[in-house]
Structures are given as C-alpha cells and as structure tokens.
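Chemist: Starting off with a structure, shown below.
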Amino acid sequence: MKVTIVGAGNVGATCADVIAYRGIASEVVLLDIKEGFAEGKAMDISQCTSNTGFNTRVSGVTNDYSKTANSDVVVITSGIPRKPGMTREELIGINAGIVKTVAENVLKHSPHTIIVVVSNPMDTMTYLTLKATGLPKNRIIGMGGALDSSRFKYYLSKALDKPINDVSAMVIGGHGDTTMIPLTRLASYNGIPVSQFLSEEAMAKVAADTMVGGATLTGLLGTSAWYAPGASVAYLVDSILNDQKKMIACSVLLEGEYGQSDVCVGVPCIIGKNGIEEIVDINLNDNEKALFAKSSDAVRNMNADLKSVLA
Ligand SMILES: NC(=O)C1=CN([C@@H]2O[C@H](COP(=O)(O)OP(=O)(O)OC[C@H]3O[C@@H](n4cnc5c(N)ncnc54)[C@H](O)[C@@H]3O)[C@@H](O)[C@H]2O)C=CC1
Ligand SMILES: O=C([O-])CC(=O)C(=O)O
C-alpha cells in the first residue's frame with residue numbers, strides 16, 4: 001500500500017515517520033516544493049530502519065508528482081502553519097491556493113486515491129478540495145477530530161488523574177478555537193460517565209482547554225504542533241489502509257446529517273478502505289445541537305471566502 005504526503009514539514013514528516021515506524025504502509029512518498037527537503041526528511045527517516053526494525057520504503061521528491069503515482073492515500077499537509085496569536089482561519093489566503101493546486105496535481109497521477117486534508121483552516125480546505133476536484137465525498141476526509149479528541153482525552157485523564165487509555169471521548173464540530181465541541185456529556189472513564197468523578201467546573205475547564213489545545217501549543221512552540229497531529233493522521237490512514245472501520249471524528253460533507261448541508265465539519269465517521277464509509281448520526285441534546293449549528297455556520301461563513309479560488 002502506498003501513501004503520499006504532500007508537505008514534508010513538521011506534520012508531514014512526523015506522519016511519515018509514524019506510518020513507517022508502525023508499518024502501516026509498504027511505501028511512503030514525501031513531496032515538498034523546497035528543493036531537497038523531502039529527500040532529506042525521507043533519508044533521515046529511512047536511516048532509523050536498522051534501529052527500529054521497520055520495512056516501509058520512504059522516499060522524498062521535490063515537486064515531482066510522477067513519483068506519487070498510484071497512491072492509495074494522499075495526505076495534504078502543505079501550506080503555512082499559524083504563529084502565536086493567530087487563528088487557523090487567518091491562513092486561508094495562502095493555503096487555499098496551495099491546497100487546490102496540490103489536490104489537482106495529485107489526482108493526475110492517482111485518480112483513485114483517497115485524500116486526507118490536514119492544512120488549515122482544515123474544514124474549509126476539505127470543502128475546497130471536494131469542490132475543486134469533484135470527487136465523491138467518501139474520498140475526501142478532513143483530519144482534525146482525531147487530534148482534538150486525543151487532546152480532549154489527554155485533558156480528561158489529567159483531571160481524573162487516571163490513564164489516558166482508560167478514557168473514551170470525542171470532539172465534533174469545526175477544527176477551530178471557538179468551533180470545537182468536546183462532547184463532555186458522553187465522555188467516559190472505563191464506561192462510566194466522567195460526570196461521576198468530575199465537578200461541572202472541572203469538566204468546563206477540560207472542554208475549554210481542549211478547544212484552545214492547538215493555540216496553547218502554538219504559544220509554547222512558536223509554531224503549531226506536529227507530534228500529535230502527525231500521529232493522528234497516521235491513525236486515520238491506518239484505519240483506511242487496513243480497513244479497520246474505526247469510528248473517528250472527521251470533517252466530511254454533510255447532506256442533511258446533523259441538520260446541516262453544503263458544509264464540511266467534524267462528525268463521527270466509520271473509516272475503512274473506501275474512506276468515509278458511514279456518517280454516524282448520534283442523538284445530540286438541545287444544547288449540543290445549538291452548538292453544532294453555530295459551529296457549522298461559522299465554518300460555512302469561512303467557506304464563503306473561497307469564491308475567488310473556486311471561480
Ligand atoms: N488539521 C490539523 O489537525 C492540523 C493542521 N495543521 C496544519 O498543517 C499545515 C502544515 O503544518 P506544519 O507541517 O507544521 O508546517 P511546516 O511549515 O512545517 O510544513 C509545511 C510544508 O509545506 C510545504 N509546502 C508549501 N507549499 C507547498 C506546495 N505548493 N507543494 C508542496 N509543499 C508545499 C513547505 O515547503 C513546508 O515544508 C499547516 O497549515 C497547519 O496549520 C497542523 C497541525 C494539525
Ligand atoms: O493549532 C494549529 O494551528 C494547528 C492545528 O490545527 C492543531 O494543532 O490543532
């Protein structure tokens with residue numbers, strides 16, 4: 001199975017590293033526009049082989065899409081990341097043009113591929129990729145919810161003072177500082193609602209910390225995060241390539257689900273060899289429904305800025 005990752009920067013290279021290390025694909029191609037950069041990252045990752053024992057072939061190319069031919073999955077991480085104080089939405093001006101060109105180039109050589117969109121603002125870039133390529137919606141997957149849910153579980157485990165893998169929780173809605181919806185009511189510690197262990201105040205703090213999880217890291221690092229984002233993409237790619245049918249919150253075109261249409265936003269999806277195989281329409285309470293409608297409206301307003309790119 002072959003995976004191409006466009007953008008060999010922090011997130012792209014980390015994703016390649018995790019995919020290789022865990023043997024998720026037999027071949028990974030990194031592509032970047034910076035001369036020699038993807039080649040260097042691929043060489044560095046490949047030189048881990050004898051000490052980590054993986055067999056994935058990792059190669060790098062400078063803007064040569066012919067080397068990406070017949071990829072089963074293409075991950076788009078090309079574009080600029082935010083700096084401290086910025087929102088993800090402020091990246092749209094530069095990233096929209098990059099993502100559209102990359103998606104078109106990729107499809108020339110891998111017409112049957114599934115595309116995972118990572119570049120920010122991710123929900124809007126997912127919508128752009130869908131509109132620009134005309135691919136069926138199951139083959140365009142926005143990655144954000146897997147990462148936001150892993151941060152939610154991290155903050156819950158800290159508040160509970162319990163192991164992170166004993167916590168189950170999901171974030172839906174937009175992948176933005178104000179549009180994320182951590183589903184605290186449905187979060188559990190070994191199947192028991194977290195509300196049995198945490199006060200309202202503690203749960204509200206966990207949700208607030210989760211929503212600004214990316215901004216907090218950007219403030220600490222000077223650029224946005226890459227270890228958890230790279231691992232989250234690899235987790236999603238694993239479910240596609242190995243047909244695991246995992247339920248993962250992903251940004252997908254909604255056509256009536258959750259009362260929304262013509263917008264890509266994060267909802268629980270079954271992810272397998274066909275990409276998005278099912279949108280799981282769970283029952284939200286009135287408050288969650290209102291938050292979801294507000295989040296979708298904010299993402300839809302952002303999509304309006306794509307007019308010139310899509311013209
Ligand atoms: N959806 C999510 O959960 C997350 C999204 N992101 C987003 O992912 C993107 C990448 O972030 P980083 O890897 O930290 O940035 P980075 O700056 O480390 O890497 C981006 C790479 O893209 C390359 N690039 C730019 N234009 C290109 C083009 N036309 N073709 C091929 N390569 C091109 C650059 O040369 C650079 O190497 C950002 O937009 C960031 O906001 C980051 C973390 C999580
Ligand atoms: O915060 C950012 O800009 C990058 C990102 O999407 C994340 O780490 O969640």
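By convention in this document, the chains of the structure tokens carry letters A, B, ... by their order, each chain's residues are numbered from 1, and ligands are numbered from 1 in the order they are shown.
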Could you go through region 156-216 of chain A and tell me which residues DSSP, when run on the backbone, assigns to alpha helix (DSSP H), listing them as JSON, numbers by chain?

Modeler: {"A": [156, 157, 158, 159, 160, 200, 201, 202, 203, 204, 205, 206, 207, 208, 209, 210, 211, 213, 214, 215, 216]}

Chemist: Go ahead and write the selection's residues with N, CA and C atoms as a compact mmCIF listing (two decimals), in the first residue's frame.

Modeler:
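selection_17.txt, written as the output of this step:
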```
# COMPACT_ATOMS: atom_id res chain seq x y z
N LEU A 156 -8.80 15.19 29.96
CA LEU A 156 -9.68 14.43 30.88
C LEU A 156 -8.85 13.54 31.79
N SER A 157 -7.84 12.88 31.23
CA SER A 157 -7.02 11.97 32.04
C SER A 157 -6.27 12.74 33.12
N LYS A 158 -5.88 13.98 32.78
CA LYS A 158 -5.17 14.79 33.79
C LYS A 158 -6.14 15.18 34.91
N ALA A 159 -7.36 15.58 34.53
CA ALA A 159 -8.34 15.99 35.54
C ALA A 159 -8.76 14.79 36.41
N LEU A 160 -8.87 13.63 35.76
CA LEU A 160 -9.28 12.42 36.51
C LEU A 160 -8.11 11.82 37.27
N GLU A 200 -18.80 20.03 37.65
CA GLU A 200 -19.18 20.82 36.46
C GLU A 200 -18.05 21.75 36.07
N GLU A 201 -17.47 22.36 37.10
CA GLU A 201 -16.39 23.35 36.87
C GLU A 201 -15.16 22.67 36.22
N ALA A 202 -14.80 21.50 36.75
CA ALA A 202 -13.64 20.77 36.21
C ALA A 202 -13.90 20.35 34.77
N MET A 203 -15.13 19.91 34.48
CA MET A 203 -15.45 19.48 33.11
C MET A 203 -15.44 20.67 32.16
N ALA A 204 -15.91 21.81 32.64
CA ALA A 204 -15.90 23.01 31.79
C ALA A 204 -14.47 23.43 31.48
N LYS A 205 -13.59 23.29 32.46
CA LYS A 205 -12.17 23.66 32.23
C LYS A 205 -11.53 22.70 31.22
N VAL A 206 -11.82 21.41 31.34
CA VAL A 206 -11.29 20.42 30.38
C VAL A 206 -11.74 20.80 28.96
N ALA A 207 -13.02 21.12 28.81
CA ALA A 207 -13.55 21.46 27.48
C ALA A 207 -12.87 22.72 26.94
N ALA A 208 -12.72 23.72 27.81
CA ALA A 208 -12.09 24.98 27.37
C ALA A 208 -10.63 24.76 26.98
N ASP A 209 -9.91 23.98 27.77
CA ASP A 209 -8.50 23.69 27.46
C ASP A 209 -8.38 22.92 26.14
N THR A 210 -9.32 22.00 25.92
CA THR A 210 -9.30 21.22 24.67
C THR A 210 -9.48 22.13 23.47
N MET A 211 -10.43 23.06 23.57
CA MET A 211 -10.74 23.92 22.42
C MET A 211 -9.54 24.77 22.01
N GLY A 213 -6.46 23.86 22.62
CA GLY A 213 -5.29 22.97 22.70
C GLY A 213 -4.21 23.32 21.68
N GLY A 214 -4.62 23.58 20.45
CA GLY A 214 -3.66 23.92 19.39
C GLY A 214 -3.03 25.28 19.62
N ALA A 215 -3.83 26.24 20.08
CA ALA A 215 -3.32 27.59 20.33
C ALA A 215 -2.33 27.58 21.50
N THR A 216 -2.60 26.77 22.51
CA THR A 216 -1.70 26.67 23.66
C THR A 216 -0.33 26.17 23.20
```

Chemist: Using only C-alpha atoms, which protein or nucleic acid residues come within 10 Å of Ile19 (chain A)? Drop anything in the same chain fewer than 3 positions from it, and give the result as a list in words.

Modeler: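 Answer for this query is Val3, Ala13, Thr14, Cys15, Ala16, Arg22, Gly23, Ile24, Ala25, Ser26, Glu27, Val28, Phe54, Thr56, Val58, Gly230, Ala231, Val233, Ala234, Tyr235, Val237 and Asp238 of chain A.
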
Chemist: Using N, CA and C atoms, can you write the selected residues to a file as a PDB file, in the first residue's frame?

Modeler:
```pdb
ATOM      1  N   VAL A   3       1.383   5.436   0.309  1.00  0.00           N
ATOM      2  CA  VAL A   3       0.865   6.703   0.841  1.00  0.00           C
ATOM      3  C   VAL A   3       1.776   7.830   0.378  1.00  0.00           C
ATOM      4  N   ALA A  13       6.311  15.168   7.884  1.00  0.00           N
ATOM      5  CA  ALA A  13       7.432  14.267   8.178  1.00  0.00           C
ATOM      6  C   ALA A  13       7.120  13.397   9.399  1.00  0.00           C
ATOM      7  N   THR A  14       6.456  13.970  10.395  1.00  0.00           N
ATOM      8  CA  THR A  14       6.100  13.175  11.588  1.00  0.00           C
ATOM      9  C   THR A  14       5.123  12.073  11.205  1.00  0.00           C
ATOM     10  N   CYS A  15       4.181  12.420  10.358  1.00  0.00           N
ATOM     11  CA  CYS A  15       3.205  11.432   9.888  1.00  0.00           C
ATOM     12  C   CYS A  15       3.924  10.300   9.150  1.00  0.00           C
ATOM     13  N   ALA A  16       4.868  10.664   8.272  1.00  0.00           N
ATOM     14  CA  ALA A  16       5.639   9.646   7.530  1.00  0.00           C
ATOM     15  C   ALA A  16       6.390   8.754   8.498  1.00  0.00           C
ATOM     16  N   ARG A  22       5.332   2.200  12.388  1.00  0.00           N
ATOM     17  CA  ARG A  22       4.272   1.243  12.744  1.00  0.00           C
ATOM     18  C   ARG A  22       3.931   0.295  11.590  1.00  0.00           C
ATOM     19  N   GLY A  23       4.652   0.432  10.468  1.00  0.00           N
ATOM     20  CA  GLY A  23       4.424  -0.476   9.336  1.00  0.00           C
ATOM     21  C   GLY A  23       3.021  -0.390   8.770  1.00  0.00           C
ATOM     22  N   ILE A  24       2.448   0.806   8.781  1.00  0.00           N
ATOM     23  CA  ILE A  24       1.068   0.972   8.319  1.00  0.00           C
ATOM     24  C   ILE A  24       0.973   0.841   6.797  1.00  0.00           C
ATOM     25  N   ALA A  25       2.017   1.266   6.076  1.00  0.00           N
ATOM     26  CA  ALA A  25       2.037   1.175   4.609  1.00  0.00           C
ATOM     27  C   ALA A  25       3.356   0.562   4.182  1.00  0.00           C
ATOM     28  N   SER A  26       3.408   0.004   2.963  1.00  0.00           N
ATOM     29  CA  SER A  26       4.676  -0.558   2.484  1.00  0.00           C
ATOM     30  C   SER A  26       5.549   0.539   1.871  1.00  0.00           C
ATOM     31  N   GLU A  27       4.917   1.631   1.414  1.00  0.00           N
ATOM     32  CA  GLU A  27       5.680   2.700   0.766  1.00  0.00           C
ATOM     33  C   GLU A  27       5.121   4.075   1.138  1.00  0.00           C
ATOM     34  N   VAL A  28       6.026   4.992   1.461  1.00  0.00           N
ATOM     35  CA  VAL A  28       5.624   6.378   1.733  1.00  0.00           C
ATOM     36  C   VAL A  28       6.465   7.298   0.853  1.00  0.00           C
ATOM     37  N   PHE A  54      11.700  -1.301  11.079  1.00  0.00           N
ATOM     38  CA  PHE A  54      10.574  -1.247  10.132  1.00  0.00           C
ATOM     39  C   PHE A  54      11.035  -1.517   8.709  1.00  0.00           C
ATOM     40  N   THR A  56       9.090  -0.267   5.876  1.00  0.00           N
ATOM     41  CA  THR A  56       8.448   0.657   4.932  1.00  0.00           C
ATOM     42  C   THR A  56       9.504   1.401   4.127  1.00  0.00           C
ATOM     43  N   VAL A  58      10.672   4.602   2.381  1.00  0.00           N
ATOM     44  CA  VAL A  58      10.326   6.022   2.448  1.00  0.00           C
ATOM     45  C   VAL A  58      11.226   6.778   1.482  1.00  0.00           C
ATOM     46  N   GLY A 230       0.707  14.563  13.592  1.00  0.00           N
ATOM     47  CA  GLY A 230       1.257  13.513  12.717  1.00  0.00           C
ATOM     48  C   GLY A 230       0.739  12.140  13.106  1.00  0.00           C
ATOM     49  N   ALA A 231       0.697  11.867  14.414  1.00  0.00           N
ATOM     50  CA  ALA A 231       0.204  10.569  14.894  1.00  0.00           C
ATOM     51  C   ALA A 231      -1.287  10.407  14.601  1.00  0.00           C
ATOM     52  N   VAL A 233      -2.947  11.700  12.044  1.00  0.00           N
ATOM     53  CA  VAL A 233      -3.112  11.402  10.613  1.00  0.00           C
ATOM     54  C   VAL A 233      -2.783   9.926  10.381  1.00  0.00           C
ATOM     55  N   ALA A 234      -1.701   9.445  10.986  1.00  0.00           N
ATOM     56  CA  ALA A 234      -1.299   8.046  10.807  1.00  0.00           C
ATOM     57  C   ALA A 234      -2.395   7.096  11.304  1.00  0.00           C
ATOM     58  N   TYR A 235      -3.028   7.446  12.393  1.00  0.00           N
ATOM     59  CA  TYR A 235      -4.130   6.645  12.964  1.00  0.00           C
ATOM     60  C   TYR A 235      -5.283   6.529  11.963  1.00  0.00           C
ATOM     61  N   VAL A 237      -5.018   7.068   8.626  1.00  0.00           N
ATOM     62  CA  VAL A 237      -4.535   6.345   7.437  1.00  0.00           C
ATOM     63  C   VAL A 237      -4.543   4.834   7.702  1.00  0.00           C
ATOM     64  N   ASP A 238      -4.201   4.441   8.902  1.00  0.00           N
ATOM     65  CA  ASP A 238      -4.203   3.024   9.300  1.00  0.00           C
ATOM     66  C   ASP A 238      -5.617   2.446   9.154  1.00  0.00           C
TER      67      ASP A 238
END
```

Chemist: Any chance you could list, as a PyMOL selection string, the residues in region 45-289 of chain A that come up strand (DSSP E or B) when DSSP is run on the backbone?

Modeler: chain A and resi 57-62+73-76+114-117+140-142+167-168+171-173+180-182+188-189+192-193+246-255+261-272+275-279

Chemist: Using only C-alpha atoms and all ligand atoms, find each protein or nucleic acid residue lying at most 10 Å from ligand 2; present the set as number ranges by chain.

Modeler: A: 11, 80-84, 86-91, 118-122, 143-148, 151, 175-177, 210-219, 223-230

Chemist: Could you take the residues named above and write them with N, CA and C atoms, as a short mmCIF file (atom, residue, chain, number, x, y, z; two decimals), in the first residue's frame?

Modeler:
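Contents of again.cif, freshly written:
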```cif
data_model
loop_
_atom_site.label_atom_id
_atom_site.label_comp_id
_atom_site.auth_asym_id
_atom_site.auth_seq_id
_atom_site.Cartn_x
_atom_site.Cartn_y
_atom_site.Cartn_z
N VAL A 11 4.45 18.44 10.33
CA VAL A 11 3.36 17.45 10.43
C VAL A 11 3.57 16.33 9.42
N ILE A 80 1.12 26.94 5.11
CA ILE A 80 1.79 27.54 6.26
C ILE A 80 1.04 27.23 7.56
N PRO A 81 1.80 27.10 8.65
CA PRO A 81 1.17 26.94 9.97
C PRO A 81 0.98 28.32 10.62
N ARG A 82 0.16 28.37 11.68
CA ARG A 82 -0.01 29.68 12.34
C ARG A 82 1.13 29.96 13.29
N LYS A 83 1.25 31.25 13.63
CA LYS A 83 2.21 31.71 14.64
C LYS A 83 1.40 32.09 15.88
N PRO A 84 2.08 32.22 17.04
CA PRO A 84 1.34 32.59 18.26
C PRO A 84 0.47 33.84 18.02
N MET A 86 -2.23 34.00 16.25
CA MET A 86 -3.07 33.90 15.04
C MET A 86 -4.16 32.84 15.24
N THR A 87 -5.20 32.94 14.42
CA THR A 87 -6.18 31.84 14.36
C THR A 87 -5.85 31.00 13.12
N ARG A 88 -6.40 29.79 13.10
CA ARG A 88 -6.20 28.94 11.91
C ARG A 88 -6.84 29.60 10.69
N GLU A 89 -7.95 30.30 10.92
CA GLU A 89 -8.71 30.88 9.81
C GLU A 89 -7.88 31.92 9.05
N GLU A 90 -6.94 32.55 9.74
CA GLU A 90 -6.12 33.57 9.07
C GLU A 90 -5.19 32.99 8.01
N LEU A 91 -5.07 31.67 7.96
CA LEU A 91 -4.17 31.02 6.99
C LEU A 91 -4.82 30.82 5.63
N VAL A 118 -5.22 18.07 5.77
CA VAL A 118 -4.74 18.47 7.10
C VAL A 118 -4.52 19.99 7.18
N SER A 119 -4.08 20.60 6.07
CA SER A 119 -3.75 22.03 6.06
C SER A 119 -4.92 22.85 6.60
N ASN A 120 -4.60 23.92 7.29
CA ASN A 120 -5.63 24.77 7.92
C ASN A 120 -5.98 25.99 7.06
N PRO A 121 -7.17 26.55 7.28
CA PRO A 121 -8.25 26.06 8.15
C PRO A 121 -8.86 24.79 7.56
N MET A 122 -8.71 23.68 8.29
CA MET A 122 -8.90 22.35 7.74
C MET A 122 -10.31 22.10 7.19
N MET A 143 -8.88 15.84 8.49
CA MET A 143 -8.37 15.36 9.78
C MET A 143 -8.28 16.52 10.77
N GLY A 144 -9.01 16.40 11.85
CA GLY A 144 -9.00 17.40 12.91
C GLY A 144 -9.58 16.76 14.17
N GLY A 145 -10.70 16.07 14.00
CA GLY A 145 -11.40 15.48 15.14
C GLY A 145 -10.58 14.42 15.85
N ALA A 146 -9.76 13.67 15.09
CA ALA A 146 -8.92 12.64 15.73
C ALA A 146 -7.94 13.29 16.69
N LEU A 147 -7.39 14.41 16.25
CA LEU A 147 -6.43 15.16 17.08
C LEU A 147 -7.14 15.83 18.26
N ASP A 148 -8.23 16.52 17.97
CA ASP A 148 -8.95 17.22 19.04
C ASP A 148 -9.45 16.23 20.10
N ARG A 151 -6.60 15.24 22.31
CA ARG A 151 -6.31 16.29 23.31
C ARG A 151 -7.37 16.29 24.41
N HIS A 175 -12.83 22.46 13.34
CA HIS A 175 -11.50 22.37 13.94
C HIS A 175 -10.96 23.79 14.13
N GLY A 176 -11.63 24.54 15.01
CA GLY A 176 -11.23 25.92 15.28
C GLY A 176 -11.31 26.19 16.78
N ASP A 177 -10.59 27.22 17.23
CA ASP A 177 -10.53 27.52 18.67
C ASP A 177 -11.93 27.74 19.27
N THR A 210 -9.32 22.00 25.92
CA THR A 210 -9.30 21.22 24.67
C THR A 210 -9.48 22.13 23.47
N MET A 211 -10.43 23.06 23.57
CA MET A 211 -10.74 23.92 22.42
C MET A 211 -9.54 24.77 22.01
N VAL A 212 -8.76 25.20 22.99
CA VAL A 212 -7.58 26.02 22.65
C VAL A 212 -6.30 25.19 22.72
N GLY A 213 -6.46 23.86 22.62
CA GLY A 213 -5.29 22.97 22.70
C GLY A 213 -4.21 23.32 21.68
N GLY A 214 -4.62 23.58 20.45
CA GLY A 214 -3.66 23.92 19.39
C GLY A 214 -3.03 25.28 19.62
N ALA A 215 -3.83 26.24 20.08
CA ALA A 215 -3.32 27.59 20.33
C ALA A 215 -2.33 27.58 21.50
N THR A 216 -2.60 26.77 22.51
CA THR A 216 -1.70 26.67 23.66
C THR A 216 -0.33 26.17 23.20
N LEU A 217 -0.33 25.13 22.37
CA LEU A 217 0.94 24.59 21.87
C LEU A 217 1.65 25.58 20.95
N THR A 218 0.88 26.29 20.15
CA THR A 218 1.48 27.28 19.25
C THR A 218 2.19 28.37 20.07
N GLY A 219 1.56 28.75 21.19
CA GLY A 219 2.18 29.74 22.08
C GLY A 219 3.47 29.22 22.69
N THR A 223 5.39 27.81 16.74
CA THR A 223 4.68 27.35 15.53
C THR A 223 3.74 26.26 16.01
N SER A 224 2.85 25.80 15.12
CA SER A 224 1.86 24.86 15.65
C SER A 224 2.45 23.45 15.84
N ALA A 225 1.69 22.63 16.54
CA ALA A 225 2.15 21.30 16.99
C ALA A 225 2.34 20.34 15.83
N TRP A 226 3.11 19.27 16.06
CA TRP A 226 3.29 18.27 14.98
C TRP A 226 3.29 16.82 15.47
N TYR A 227 3.72 16.53 16.69
CA TYR A 227 3.76 15.11 17.09
C TYR A 227 2.35 14.50 17.11
N ALA A 228 1.45 15.11 17.88
CA ALA A 228 0.09 14.56 17.95
C ALA A 228 -0.65 14.70 16.62
N PRO A 229 -0.48 15.83 15.89
CA PRO A 229 -1.11 15.88 14.56
C PRO A 229 -0.61 14.78 13.64
N GLY A 230 0.71 14.56 13.59
CA GLY A 230 1.26 13.51 12.72
C GLY A 230 0.74 12.14 13.11
#
```

Chemist: What lies within 6 Å of region 172-174 of chain A using only C-alpha atoms, ignoring chain neighbours under 3 positions off, as a PDB file with N, CA and C atoms, in the first residue's frame?

Modeler:
```pdb
ATOM      1  N   THR A 179     -14.909  26.775  17.495  1.00  0.00           N
ATOM      2  CA  THR A 179     -15.950  25.957  16.842  1.00  0.00           C
ATOM      3  C   THR A 179     -15.968  24.491  17.302  1.00  0.00           C
ATOM      4  N   MET A 180     -14.926  24.081  18.028  1.00  0.00           N
ATOM      5  CA  MET A 180     -14.885  22.687  18.516  1.00  0.00           C
ATOM      6  C   MET A 180     -15.970  22.430  19.555  1.00  0.00           C
ATOM      7  N   ILE A 181     -16.464  21.194  19.562  1.00  0.00           N
ATOM      8  CA  ILE A 181     -17.476  20.812  20.559  1.00  0.00           C
ATOM      9  C   ILE A 181     -17.024  19.523  21.264  1.00  0.00           C
ATOM     10  N   VAL A 265     -17.680  19.475   8.098  1.00  0.00           N
ATOM     11  CA  VAL A 265     -17.451  19.738   9.521  1.00  0.00           C
ATOM     12  C   VAL A 265     -17.327  18.392  10.240  1.00  0.00           C
ATOM     13  N   GLY A 266     -16.713  18.404  11.412  1.00  0.00           N
ATOM     14  CA  GLY A 266     -16.373  17.160  12.095  1.00  0.00           C
ATOM     15  C   GLY A 266     -17.558  16.439  12.723  1.00  0.00           C
ATOM     16  N   VAL A 267     -17.720  15.171  12.328  1.00  0.00           N
ATOM     17  CA  VAL A 267     -18.755  14.297  12.902  1.00  0.00           C
ATOM     18  C   VAL A 267     -18.174  12.879  12.994  1.00  0.00           C
ATOM     19  N   PHE A 292     -23.675  22.796  17.627  1.00  0.00           N
ATOM     20  CA  PHE A 292     -23.299  22.247  16.316  1.00  0.00           C
ATOM     21  C   PHE A 292     -23.772  23.173  15.190  1.00  0.00           C
ATOM     22  N   SER A 295     -21.449  26.183  15.158  1.00  0.00           N
ATOM     23  CA  SER A 295     -20.137  25.800  14.631  1.00  0.00           C
ATOM     24  C   SER A 295     -20.204  25.665  13.107  1.00  0.00           C
TER      25      SER A 295
END
```

Chemist: Show me, as a CSV table (one decimal) with N, CA and C atoms, in the first residue's frame, the residues that have an atom within 7 Å of region 127-129 of chain A when counting only C-alpha atoms, minus same-chain residues fewer than 4 positions from it.

Modeler:
```csv
chain,number,residue,atom,x,y,z
A,100,LYS,N,-5.5,23.7,-3.3
A,100,LYS,CA,-6.2,23.4,-4.6
A,100,LYS,C,-5.2,22.9,-5.6
A,103,ALA,N,-4.0,19.3,-4.8
A,103,ALA,CA,-5.1,18.3,-5.0
A,103,ALA,C,-5.2,18.0,-6.5
A,123,ASP,N,-11.4,22.5,7.9
A,123,ASP,CA,-12.7,22.2,7.4
A,123,ASP,C,-13.0,22.9,6.0
A,133,THR,N,-12.1,19.3,-6.9
A,133,THR,CA,-11.8,18.0,-7.5
A,133,THR,C,-13.1,17.3,-8.0
A,263,VAL,N,-21.6,21.8,3.8
A,263,VAL,CA,-20.5,22.2,4.7
A,263,VAL,C,-19.8,21.0,5.1
A,264,CYS,N,-18.4,21.1,5.2
A,264,CYS,CA,-17.6,20.0,5.7
A,264,CYS,C,-17.3,20.3,7.2
```

Chemist: Considering only C-alpha atoms and all ligand atoms, state which residue in the set A:Cys269, A:Val18, A:Ile94, A:Val299 is at the smallest distance from ligand 1.

Modeler: A:Ile94

Chemist: Counting only C-alpha atoms, which of A:Gly60, A:Pro182, A:Gly275, A:Gly7 gets nearest to Tyr155 (chain A)?

Modeler: A:Pro182

Chemist: Interatomic distance between atom 24 (N, counted along the ligand's line) of ligand 1 and CA of Phe37 (chain A)?

Modeler: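 Computed distance, atom 24 (N, counted along the ligand's line) of ligand 1 to CA of Phe37 (chain A), equals 10.1 Å.
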
Chemist: At what distance in Å, to one decimal, does CA of Ala69 (chain A) lie from atom 32 (N, counted along the ligand's line) of ligand 1?

Modeler: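 CA of Ala69 (chain A) lies at a distance of 16.5 Å from atom 32 (N, counted along the ligand's line) of ligand 1.
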
Chemist: When you look at Asn105 (chain A) with a cut-off of 10 Å (counting only C-alpha atoms), what residues show up, excluding the ones that are within fewer than 6 positions of it in the same chain? I need them as a list in words.

Modeler: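 Within the cut-off, the hits are Asn63, Asp64, Tyr65, Ser66, Thr68, Val99 and Pro111 of chain A.
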
Chemist: Can you tell me, as number ranges by chain, what residues are no more than 12 Å from Asn165 (chain A) when counting only C-alpha atoms, ignoring any on the same chain fewer than 5 positions away?

Modeler: A: 150, 152-154, 156-158, 188-191

Chemist: Restrict the selected residues to N, CA and C atoms and save them as a short mmCIF file (atom, residue, chain, number, x, y, z; two decimals), in the first residue's frame.

Modeler:
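Below is the file that was written, out_23.cif:
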```
data_model
loop_
_atom_site.label_atom_id
_atom_site.label_comp_id
_atom_site.auth_asym_id
_atom_site.auth_seq_id
_atom_site.Cartn_x
_atom_site.Cartn_y
_atom_site.Cartn_z
N SER A 150 -8.01 13.40 20.83
CA SER A 150 -6.86 12.91 21.62
C SER A 150 -6.46 13.96 22.66
N PHE A 152 -8.61 16.07 24.03
CA PHE A 152 -9.71 16.01 24.99
C PHE A 152 -9.43 14.88 26.00
N LYS A 153 -9.01 13.72 25.48
CA LYS A 153 -8.73 12.57 26.36
C LYS A 153 -7.53 12.88 27.26
N TYR A 154 -6.56 13.60 26.71
CA TYR A 154 -5.39 13.98 27.49
C TYR A 154 -5.81 14.87 28.69
N LEU A 156 -8.80 15.19 29.96
CA LEU A 156 -9.68 14.43 30.88
C LEU A 156 -8.85 13.54 31.79
N SER A 157 -7.84 12.88 31.23
CA SER A 157 -7.02 11.97 32.04
C SER A 157 -6.27 12.74 33.12
N LYS A 158 -5.88 13.98 32.78
CA LYS A 158 -5.17 14.79 33.79
C LYS A 158 -6.14 15.18 34.91
N SER A 188 -16.34 9.13 28.89
CA SER A 188 -16.40 8.14 29.98
C SER A 188 -15.02 7.69 30.45
N TYR A 189 -14.98 7.25 31.70
CA TYR A 189 -13.79 6.62 32.27
C TYR A 189 -14.14 5.15 32.48
N ASN A 190 -13.57 4.29 31.65
CA ASN A 190 -13.90 2.85 31.68
C ASN A 190 -15.41 2.60 31.63
N GLY A 191 -16.09 3.35 30.76
CA GLY A 191 -17.52 3.13 30.56
C GLY A 191 -18.42 3.89 31.53
#
```

Chemist: Give me, as an MDAnalysis selection string, all polymer residues having an atom no more than 7 Å from Val75 (chain A), counting only C-alpha atoms and skipping those fewer than 5 positions away in the same chain.

Modeler: chainID A and resid 4:6 115:117

Chemist: Can you work out the spacing between CA of Asp243 (chain A) and CA of Ile276 (chain A) in Å, to one decimal?

Modeler: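 Separation of CA of Asp243 (chain A) and CA of Ile276 (chain A): 10.8 Å.
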